[in-house]
Amino acid sequence: MKNIVRSATIAALLASAVTAPLAANAEELAPAKPDSTVEWEGTPYVTDTTQTNNRLRTLSTDEKIIDVSKWQGSIDWSKVAKTVDFAIIRTQYGSSVEDTMHKTYEKNAIANNVPFGVYSYSLAVSTSDARAEARSFYNRANKNAKMYVIDVEEMTSTSGESMRKVINAYVDELRKYTDKKIGLYIAHHLYPKLNLDTSKADFVWIPRYGSTAPSYTYDLWQYTDKGIVSGINGYVDMNRLKAGKELSDISGKSDMVTQTGSDIDYSKYYTATNKPAYVQLLKDVDTFKSTALTAGNKTGTLDKNEVVKVIGIVNSASGYPRLKIGTNKYITASKSLVQKITASYDNYYYTNPDNVLFKKDAKIYSSTTMNESTEKGTSYTAGTVVDVLNIAYSSTGVPRLKTTRGYVTANKNMVQQAKTGINYKNFHFVNPGYVQIMKDLVTYKSTSFTASKANGSVAAGQVVKVTGIDFSSTGYPRLKIGTNKYINANKAYAQKIVSSYNNYYYTNPKKIIVKKEAGIYDDTTMNSSTATGKTYDVGDIVNVTGIAYSDTGVPRLITADGYISSNKNMVQKVVASINNYVTTIPAKVVSKTGIWEYNSTNFDTSNRYKSYKVNQLFTITGIEYTAGGTPRLKTSTGKYITANKLNVQPVVKNITSYYYGTKIPSELTLAKATSQWKTVNLTGKIKDFAAGQVVSIKEVGYSDNGYPRFQLTDGTYITANKLNFK
C-alpha cells in the first residue's frame with residue numbers, strides 16, 4: 001500500500017470528529033472508482049483505518065463499512081478482516097456487465113469471516129428491464145450475501161415510465177427470490193428528481209462527501225471515497241450508519257417479507273431439535289416477558305459476549321423459535337445474534353484475548369471442525385505468542401481461535417492470554433512440578449510483585465514443589481508454591497527439576513567415584529546422538545565442575561570430558577581427600593592402628609560399638625558413604641570401621657597363609673628358592689635366593705591387591721608366603 005504523507009497538524013486533528021481534507025502536497029492514492037463521472041456534493045475526507053489507534057479517524061463509528069468493485073483490484077481479505085465489519089460488493093453494472101472480481105471477493109470474504117452484502121448498479125430502462133436485471137443480480141450474487149442494494153445514480157428510464165415505477169418493479173422482482181433486506185442507494189444530487197418510493201425498501205443509502213450528513217432520510221451514509229484500509233491498494237469508499245442504527249438494520253431477514261411458520265428458514269435459528277445448553281450473545285440482546293418480541297414486552301437487555309443458560313425453546317405465535325432463559329424471560333434464537341457454546345465454556349477463551357501464548361504444541365486446522373481431515377500439517381510450538389483475529393465456533397459450540405495461519409484450540413490448558421513484549425521462553429509457563437532455586441528469592445502473597453505483597457523468601461539451592469502457574473495483570477507467569485505464596489518464574493532463578501530429585505546430585509558434589517560404568521555425553525540430552533563413545537569405569541574418581549539440567553529437569557554432572565549421570569545409583573559423592581581411603585571392597589583388612597567399630601556410618605562417640613588394637617583382621621562385606629562422601633567399611637558383623645589407609649590395610653582373603661601385621665621376625669631362613677624383586681608388586685626381578693639362605697627383614701608391605709611382602713633391609717622385596725620359609 002502507498003503511504004500518505006501526514007503532517008503533525010493532520011495527526012492532531014484525527015482526534016476530533018472530522019479531519020481536514022487531504023493535504024495538497026500529499027501523495028495521492030488510486031481512486032476508489034476511476035470510472036465514476038458523478039461528483040457528489042462535498043469534499044471527501046481521507047479516513048485512514050490503519051492508524052495505530054484506529055478510533056482516531058474521520059467520522060469514525062463502531063462499524064467499519066466499505067463498498068468495493070473490480071476497481072479495488074486484488075484485495076487481501078485477511079488484512080481487511082482485522083478492520084472492516086461489513087463489506088458491500090458490486091455484482092454487476094446493469095445486467096450486461098458482470099463485475100469480474102465479485103466472485104473472488106465473495107469467496108475470500110467468506111473465508112475470512114467478513115460479512116458482506118451485494119449491490120447492482122441499475123441501468124434499467126423500463127419495468128420489464130428492471131425485473132430482468134433483478135433476476136440476473138440475484139442469480140449472480142453469492143447466496144451468503146446478507147443484503148441486496150439497487151444502486152440508482154442515473155435517470156435511465158427511456159420507456160416513458162417514471163424512475164419510481166421502474167425501481168419499484170426492480171424491488172418487487174427481487175423480493176420474489178430473497179427474504180433478505182433490500183436497500184436503495186440514491187444519488188444525493190438526483191434525490192428529488194428520481195422520486196423513488198423508499199417505503200418499498202428496507203433501508204436507504206445515500207452518498208454525500210464531507211462532514212455534512214445527507215439532507216434526506218437515510219440509514220447508511222457514504223461519506224468519502226478516500227478511505228484507507230489495510231489489504232486494499234488505493235482508496236476505497238467508506239460508510240457510516242446513522243446514529244442509533246445497527247448493522248442488523250441494513251442486513252439479515254427483511255421485516256417487509258410476510259412470514260408464516262412454513263416460510264421460516266429454521267436453519268438460521270436454534271430449534272427444539274438442536275437446543276443449545278448455553279449461548280453466547282454476539283451483540284447486545286433484549287429480553288422479553290413472552291415469545292412476542294415486541295417493545296411492550298421488553299424487560300431488559302443483555303450485554304454482548306455474555307453467556308446465558310438456555311432452559312428451553314418455545315416458538316412464537318408466528319412460528320419463530322425463542323430461547324427461554326428464565327421464568328417469563330425470552331430472547332431471540334437467531335444464530336446471527338446468539339451462538340451456541342459448550343457447557344464447559346469457562347475452560348475456553350470465548351471472547352478474543354487478542355494475543356495468546358501456546359503452553360503446549362498446538363496443531364493448526366483449516367476449519368473449526370478441527371479433525372484429522374482439516375489438519376494443515378503445521379503447528380504452533382510451545383512458547384510461541386500469536387495474534388488472535390477473532391473467535392469462531394465448532395458446530396457443537398466449542399470456541400476456536402482464528403489466527404492468520406488457521407484455527408487452533410481456545411482451551412486454557414493449551415493457551416494463555418499473553419502480553420506482547422515478554423519473551424515467554426525465558427519463563428516457566430507450564431507447571432514444572434518442582435524447581436530448584438538458583439538464587440535467593442522473595443515470596444509474595446499475590447502475582448503482583450510489589451514490596452507490600454512480600455511475605456517471605458526461599459534460599460538458593462532449595463527445591464520447592466510448584467502447585468500451579470498464575471499470570472500477573474501485566475502478563476508475567478508466576479510460580480505458585482503454596483497458599484498465597486508466589487515466586488518468580490524466570491528460568492534463570494528457578495530451574496525445573498524432576499520430582500525424583502533426591503535420587504540425583506543436584507548441587508555440585510565436587511568429586512565423585514563411579515559405581516557403575518558411566519557413558520560420557522556432549523549434551524545434557526544424553527542419548528545415542530550425543531554420546532562421545534567414552535566412558536568412566538567403575539572405581540574411577542572424577543572431578544565435577546558443575547551441574548547442568550536436561551530439558552525435562554534431570555540434573556547432569558559436568559566433567560572435563562563431558563556430561564555424565566548424576567544418579568546416585570551410578571555415582572557417589574566423595575571427600576576431596578578420597579585418595580587417602582579404600583574405595584574398592586577388599587576381602588579383608590587389617591588394622592594398622594587402634595580403631596573403633598561403630599553401629600552406623602556416623603562415627604560419633606554415641607555410635608561406638610567396640611575398640612580394636614593393631615593387627616586386628618576384619619572381613620569386609622561392603623563400602624558405604626556418609627552424606628559428606630567419606631567411605632566406611634562394613635564388616636561381616638554389620639558394623640562399620642574406618643576406610644582410611646592410615647588406619648587399615650586391605651589384604652587378600654587367605655591372609656593367614658602369610659606373615660602380616662607388625663609382629664614379624666627380623667630374620668628367616670628360606671625353605672626353597674625365592675626371587676628377589678625391586679617393587680612390592682614383585683616387578684623388576686633382581687635375582688633368586690637359594691634354599692637355606694637367611695634373609696634380614698625390615699617390615700611387611702602390601703601389594704596393590706593386598707598381598708603381604710617382606711621388605712628386606714636393603715629395600716628390596718620377597719614374598720611373605722609362609723610356605724617359602726622354614
# chains A, B, ... in the order shown; residues from 1 in each chain; ligands from 1
>>> residues_around(residues="range 176-193 of chain A", least_positions_apart="5", cutoff="8 Å", atoms="only C-alpha atoms", output="JSON, numbers by chain")
{"A": [40, 41, 138, 146, 147, 148, 149, 150, 151, 152, 153, 154, 171, 198, 201, 202, 203, 204, 205, 206, 207, 208, 214, 250, 251, 252, 253, 254, 255, 257]}
>>> residues_around(residues="Thr224 in chain A", least_positions_apart="6", cutoff="6 Å", atoms="only C-alpha atoms", output="VMD selection string")
chain A and resid 44 to 45 209 237 to 238
>>> residues_around(residues="Lys165 in chain A", least_positions_apart="5", cutoff="12 Å", atoms="only C-alpha atoms", output="JSON, numbers by chain")
{"A": [124, 125, 126, 127, 128, 129, 130, 131, 156, 157, 159, 160, 170, 171, 172, 194, 195, 196, 197, 198, 200]}
>>> write_last_selection(atoms="N, CA and C atoms", output="compact mmCIF listing (two decimals), in the first residue's frame")
# COMPACT_ATOMS: atom_id res chain seq x y z
N ALA A 124 -31.55 -0.03 -15.68
CA ALA A 124 -32.86 -0.46 -16.21
C ALA A 124 -33.56 0.69 -16.94
N VAL A 125 -34.03 0.42 -18.15
CA VAL A 125 -34.71 1.45 -18.96
C VAL A 125 -36.22 1.33 -18.89
N SER A 126 -36.73 0.23 -18.27
CA SER A 126 -38.17 0.02 -18.18
C SER A 126 -38.45 -0.93 -17.03
N THR A 127 -39.72 -1.11 -16.70
CA THR A 127 -40.07 -2.04 -15.62
C THR A 127 -39.70 -3.46 -16.00
N SER A 128 -39.92 -3.87 -17.24
CA SER A 128 -39.57 -5.24 -17.65
C SER A 128 -38.06 -5.43 -17.63
N ASP A 129 -37.34 -4.38 -18.03
CA ASP A 129 -35.88 -4.46 -17.99
C ASP A 129 -35.39 -4.54 -16.54
N ALA A 130 -36.09 -3.80 -15.64
CA ALA A 130 -35.72 -3.82 -14.22
C ALA A 130 -35.90 -5.22 -13.64
N ARG A 131 -36.96 -5.90 -14.01
CA ARG A 131 -37.20 -7.25 -13.49
C ARG A 131 -36.13 -8.22 -14.01
N THR A 156 -32.37 6.58 -15.93
CA THR A 156 -32.14 5.62 -17.03
C THR A 156 -33.40 5.25 -17.80
N SER A 157 -34.58 5.58 -17.29
CA SER A 157 -35.82 5.15 -17.96
C SER A 157 -35.98 5.83 -19.32
N SER A 159 -38.56 4.36 -21.30
CA SER A 159 -39.83 3.76 -21.71
C SER A 159 -41.02 4.69 -21.47
N GLY A 160 -40.74 5.84 -20.90
CA GLY A 160 -41.84 6.74 -20.53
C GLY A 160 -42.33 6.47 -19.13
N TYR A 170 -38.15 -3.33 -9.88
CA TYR A 170 -36.87 -3.97 -9.54
C TYR A 170 -36.95 -4.59 -8.14
N VAL A 171 -37.44 -3.80 -7.17
CA VAL A 171 -37.55 -4.28 -5.79
C VAL A 171 -38.54 -5.43 -5.70
N ASP A 172 -39.67 -5.29 -6.37
CA ASP A 172 -40.71 -6.31 -6.31
C ASP A 172 -40.19 -7.64 -6.85
N LEU A 194 -35.40 11.84 -8.90
CA LEU A 194 -35.67 10.40 -9.02
C LEU A 194 -37.01 10.04 -8.37
N ASN A 195 -37.27 10.68 -7.23
CA ASN A 195 -38.56 10.50 -6.55
C ASN A 195 -38.86 9.01 -6.31
N LEU A 196 -37.88 8.29 -5.77
CA LEU A 196 -38.06 6.85 -5.55
C LEU A 196 -38.94 6.59 -4.33
N ASP A 197 -39.64 5.47 -4.37
CA ASP A 197 -40.54 5.08 -3.27
C ASP A 197 -39.73 4.33 -2.23
N THR A 198 -39.16 5.06 -1.28
CA THR A 198 -38.28 4.43 -0.27
C THR A 198 -39.06 3.55 0.70
N LYS A 200 -40.73 1.11 -0.07
CA LYS A 200 -40.64 -0.26 -0.57
C LYS A 200 -39.30 -0.90 -0.19
>>> closest_residue(among="A:Asn721, A:Gln495, A:Gln616, A:Ser591", to="Ser550 in chain A", atoms="only C-alpha atoms")
A:Gln495
>>> atom_distance(atom1="CA of Tyr320 in chain A", atom2="CA of Ser267 in chain A")
11.6 Å
>>> closest_residue(among="A:Thr467, A:Thr91, A:Thr104, A:Thr374", to="Ser122 in chain A", atoms="only C-alpha atoms")
A:Thr91
>>> residues_around(residues="Ile75 in chain A", least_positions_apart="5", cutoff="8 Å", atoms="only C-alpha atoms", output="list in words")
Val80, Tyr105, Gly231, Ile232 and Asn233 of chain A
>>> closest_residue(among="A:Ser500, A:Asn112, A:Ser565, A:Asn705", to="Lys588 in chain A", atoms="only C-alpha atoms")
A:Asn705
>>> closest_residue(among="A:Ile313, A:Ile564, A:Val680, A:Met438", to="Tyr702 in chain A", atoms="only C-alpha atoms")
A:Val680
>>> atom_distance(atom1="CA of Lys298 in chain A", atom2="CA of Ser316 in chain A")
14.7 Å
>>> closest_residue(among="A:Lys653, A:Arg632, A:Lys663, A:Arg175", to="Asn615 in chain A", atoms="only C-alpha atoms")
A:Lys663
>>> closest_residue(among="A:Tyr407, A:Tyr216, A:Phe427, A:Tyr270", to="Thr332 in chain A", atoms="only C-alpha atoms")
A:Tyr270
>>> residues_around(residues="Lys419 in chain A", least_positions_apart="5", cutoff="12 Å", atoms="only C-alpha atoms", output="PyMOL selection string")
chain A and resi 353-357+384-387+424+471-477
>>> select_by_dssp(residues="range 361-493 of chain A", states="strand (DSSP E)", output="number ranges by chain")
A: 362-365, 375-380, 385-387, 390-393, 399-403, 406-409, 415-417, 434-437, 441-444, 454-458, 463-465, 468-471, 477-482, 485-488
>>> residues_around(residues="range 431-434 of chain A", least_positions_apart="6", cutoff="7 Å", atoms="only C-alpha atoms", output="PyMOL selection string")
chain A and resi 463-466+468-469+496-499
>>> write_last_selection(atoms="N, CA and C atoms", output="PDB file, in the first residue's frame")
ATOM      1  N   VAL A 463      14.891 -26.949  46.919  1.00  0.00           N
ATOM      2  CA  VAL A 463      13.937 -27.475  45.940  1.00  0.00           C
ATOM      3  C   VAL A 463      12.532 -27.286  46.497  1.00  0.00           C
ATOM      4  N   VAL A 464      11.633 -26.708  45.681  1.00  0.00           N
ATOM      5  CA  VAL A 464      10.264 -26.473  46.131  1.00  0.00           C
ATOM      6  C   VAL A 464       9.277 -27.066  45.131  1.00  0.00           C
ATOM      7  N   LYS A 465       8.144 -27.485  45.631  1.00  0.00           N
ATOM      8  CA  LYS A 465       7.077 -28.023  44.791  1.00  0.00           C
ATOM      9  C   LYS A 465       6.230 -26.874  44.260  1.00  0.00           C
ATOM     10  N   VAL A 466       5.927 -26.917  42.977  1.00  0.00           N
ATOM     11  CA  VAL A 466       5.098 -25.887  42.342  1.00  0.00           C
ATOM     12  C   VAL A 466       3.682 -26.432  42.202  1.00  0.00           C
ATOM     13  N   GLY A 468       1.078 -24.626  40.904  1.00  0.00           N
ATOM     14  CA  GLY A 468       0.370 -24.060  39.765  1.00  0.00           C
ATOM     15  C   GLY A 468       1.103 -22.880  39.169  1.00  0.00           C
ATOM     16  N   ILE A 469       0.589 -22.434  38.012  1.00  0.00           N
ATOM     17  CA  ILE A 469       1.106 -21.230  37.344  1.00  0.00           C
ATOM     18  C   ILE A 469      -0.036 -20.229  37.258  1.00  0.00           C
ATOM     19  N   LYS A 496      13.763 -26.010  36.567  1.00  0.00           N
ATOM     20  CA  LYS A 496      12.929 -27.207  36.620  1.00  0.00           C
ATOM     21  C   LYS A 496      13.776 -28.409  37.015  1.00  0.00           C
ATOM     22  N   ILE A 497      13.216 -29.236  37.904  1.00  0.00           N
ATOM     23  CA  ILE A 497      13.935 -30.431  38.346  1.00  0.00           C
ATOM     24  C   ILE A 497      12.942 -31.574  38.487  1.00  0.00           C
ATOM     25  N   VAL A 498      13.388 -32.795  38.203  1.00  0.00           N
ATOM     26  CA  VAL A 498      12.485 -33.948  38.267  1.00  0.00           C
ATOM     27  C   VAL A 498      11.992 -34.155  39.695  1.00  0.00           C
ATOM     28  N   SER A 499      10.789 -34.749  39.804  1.00  0.00           N
ATOM     29  CA  SER A 499      10.214 -34.971  41.133  1.00  0.00           C
ATOM     30  C   SER A 499      11.050 -35.948  41.957  1.00  0.00           C
TER      31      SER A 499
END
